[in-house]
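Q: Take this structure first; my questions come after.
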Amino acid sequence: MAQINILTSSYNGKLGTTYGTKQYKKHFVKAIPFSHAPHNESQKNSVKAFTKLNKICSQIVKKYWRYLGLSDKSMYKNNALTQKLKSVISDKIFDPTKIYLDIPQSQTIEITETNIDNEKYFISARFIDRENLINGDKKQYLLIVFSESAITYINETTDKQSFFFQKDVLDTENDFYYFLVLSSKYKGNKKRLESKLIKLKNNKYVVKEIWYVMRLKWDNDPYVEDEILYIKDENVYVEGDTLVIK
């Protein structure tokens, strides 16, 4: 509840969607920026998806901003890239495979190696760009590897058209990893951005005595509810001592 001072034509405290305050012997009226009402599930999913995209964009702009061809005159660099990659959030889900809607797919770059070593705990990647650069054109590349939870494991730049990188990691327990190469072809101030992405399913099925069934290859994804796996009778049979799931 606000307290109104008739003599100064001001008020202190909350009034509607505003609140009054006094600072440095002056009175200010400010808007309340956010509602304190709890988020529904749809809003929570949107926030989660945006948070993941924002985390990846922050990693990209750290090393690759000058090659993106974007402007930060009206917004932060991170926000500029997040705005450009708006299609990566699809139906309130973080889906990096939609990046081609925002950054065209390269027809000359090939990601030739993607490796998640679950025994020695390292991730490696290799790509090659088969385009012949002429007339003074140059290219700068970014290789970034991140998980479905937007944890970045590799974030390296290079001007080499054939590049390999390997990095030790603390864990390899994510279900999916994304291997993304960005290329910026430039001459003077002109830049042309392209992308190449591979989504890789983790082949580590058992972690700390937990069986991650969704990492298996399924013709039809199984039904899982409250951490219980439901499989139709016609999709399961016993062969000797082995349980076979189709």
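For the structure tokens, the naming scheme is as follows: chains receive sequential letters (A, B, ...) according to their order of presentation, residues are indexed from 1 within each chain, and ligands are indexed from 1 in presentation order.
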Using the chain letters and numbers from this document, which residues of stretch 45-126 of chain A does DSSP assign to helix (DSSP H, G or I), as a VMD selection string?
A: chain A and resid 45 to 67 77 to 84 86 to 88 96 to 101
Q: Residues near A:Leu142, anyone? I mean within 8 Å using only C-alpha atoms, not counting same-chain ones fewer than 3 positions away, as a CSV table (one decimal) with C-alpha atoms, in the first residue's frame.
A:
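Result written to selection39.csv:
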```csv
chain,number,residue,atom,x,y,z
A,60,ILE,CA,29.7,-18.2,-29.5
A,64,TYR,CA,33.3,-15.3,-32.8
A,155,ASN,CA,34.5,-23.8,-28.3
A,156,GLU,CA,37.4,-23.2,-30.7
A,157,THR,CA,38.0,-20.9,-33.7
A,158,THR,CA,40.4,-21.5,-36.6
A,180,LEU,CA,28.2,-27.3,-34.8
A,181,VAL,CA,30.5,-25.6,-37.3
A,182,LEU,CA,30.0,-22.0,-38.2
A,183,SER,CA,31.8,-20.5,-41.1
```
Q: Between A:Lys73, A:Lys196, A:Ile93, A:Val236, which has the minimum distance to A:Ser42 (counting only C-alpha atoms)?
A: A:Ile93
Q: Let me make sure I understand: among A:Phe165, A:Phe146, A:Phe176, A:Tyr153, which one has the smallest atom-to-atom distance to A:Ser124 if we use only C-alpha atoms?
A: A:Phe165
Q: Counting only C-alpha atoms, which of A:Lys139, A:Lys84, A:Lys167, A:Lys63 gets nearest to A:Ile123?
A: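 So, comparing all the options, the nearest one is A:Lys167.
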Q: I'd like the interatomic distance between atom CA of A:Asn118 and atom CA of A:Phe179, to a tenth of an Å.
A: 16.7 Å
Q: When you count only C-alpha atoms, which of these residues is closest to A:Ile111: A:Ile231, A:Ile128, A:Leu200, A:Val238?
A: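 Of the candidates, the smallest distance to A:Ile111 is held by A:Ile128.
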Q: Mind checking which residues fall within 12 Å of A:Gln166, counting only C-alpha atoms, ignoring those fewer than 6 positions away in the same chain, and posting them as a ChimeraX atom specification?
A: /A:113-117,120-126,143-145,153-156
Q: Hey, can you spit out that residue selection with C-alpha atoms as an mmCIF file, in the first residue's frame?
A:
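So the final result, stored in result_9.cif, reads:
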```cif
data_model
loop_
_atom_site.group_PDB
_atom_site.id
_atom_site.type_symbol
_atom_site.label_atom_id
_atom_site.label_comp_id
_atom_site.auth_asym_id
_atom_site.auth_seq_id
_atom_site.Cartn_x
_atom_site.Cartn_y
_atom_site.Cartn_z
ATOM 1 C CA GLU A 113 34.503 -37.166 -37.109
ATOM 2 C CA THR A 114 32.384 -36.973 -33.969
ATOM 3 C CA ASN A 115 33.558 -38.994 -31.007
ATOM 4 C CA ILE A 116 32.318 -39.249 -27.430
ATOM 5 C CA ASP A 117 34.679 -41.538 -25.541
ATOM 6 C CA LYS A 120 38.617 -42.186 -21.391
ATOM 7 C CA TYR A 121 36.278 -39.190 -21.034
ATOM 8 C CA PHE A 122 37.121 -37.037 -24.009
ATOM 9 C CA ILE A 123 35.233 -35.522 -26.931
ATOM 10 C CA SER A 124 36.765 -34.981 -30.346
ATOM 11 C CA ALA A 125 35.611 -33.574 -33.666
ATOM 12 C CA ARG A 126 36.982 -33.017 -37.140
ATOM 13 C CA LEU A 143 33.719 -25.408 -33.823
ATOM 14 C CA ILE A 144 31.420 -25.717 -30.816
ATOM 15 C CA VAL A 145 30.240 -28.922 -29.151
ATOM 16 C CA TYR A 153 32.526 -28.773 -24.120
ATOM 17 C CA ILE A 154 34.449 -27.450 -27.123
ATOM 18 C CA ASN A 155 34.497 -23.846 -28.343
ATOM 19 C CA GLU A 156 37.389 -23.197 -30.728
#
```
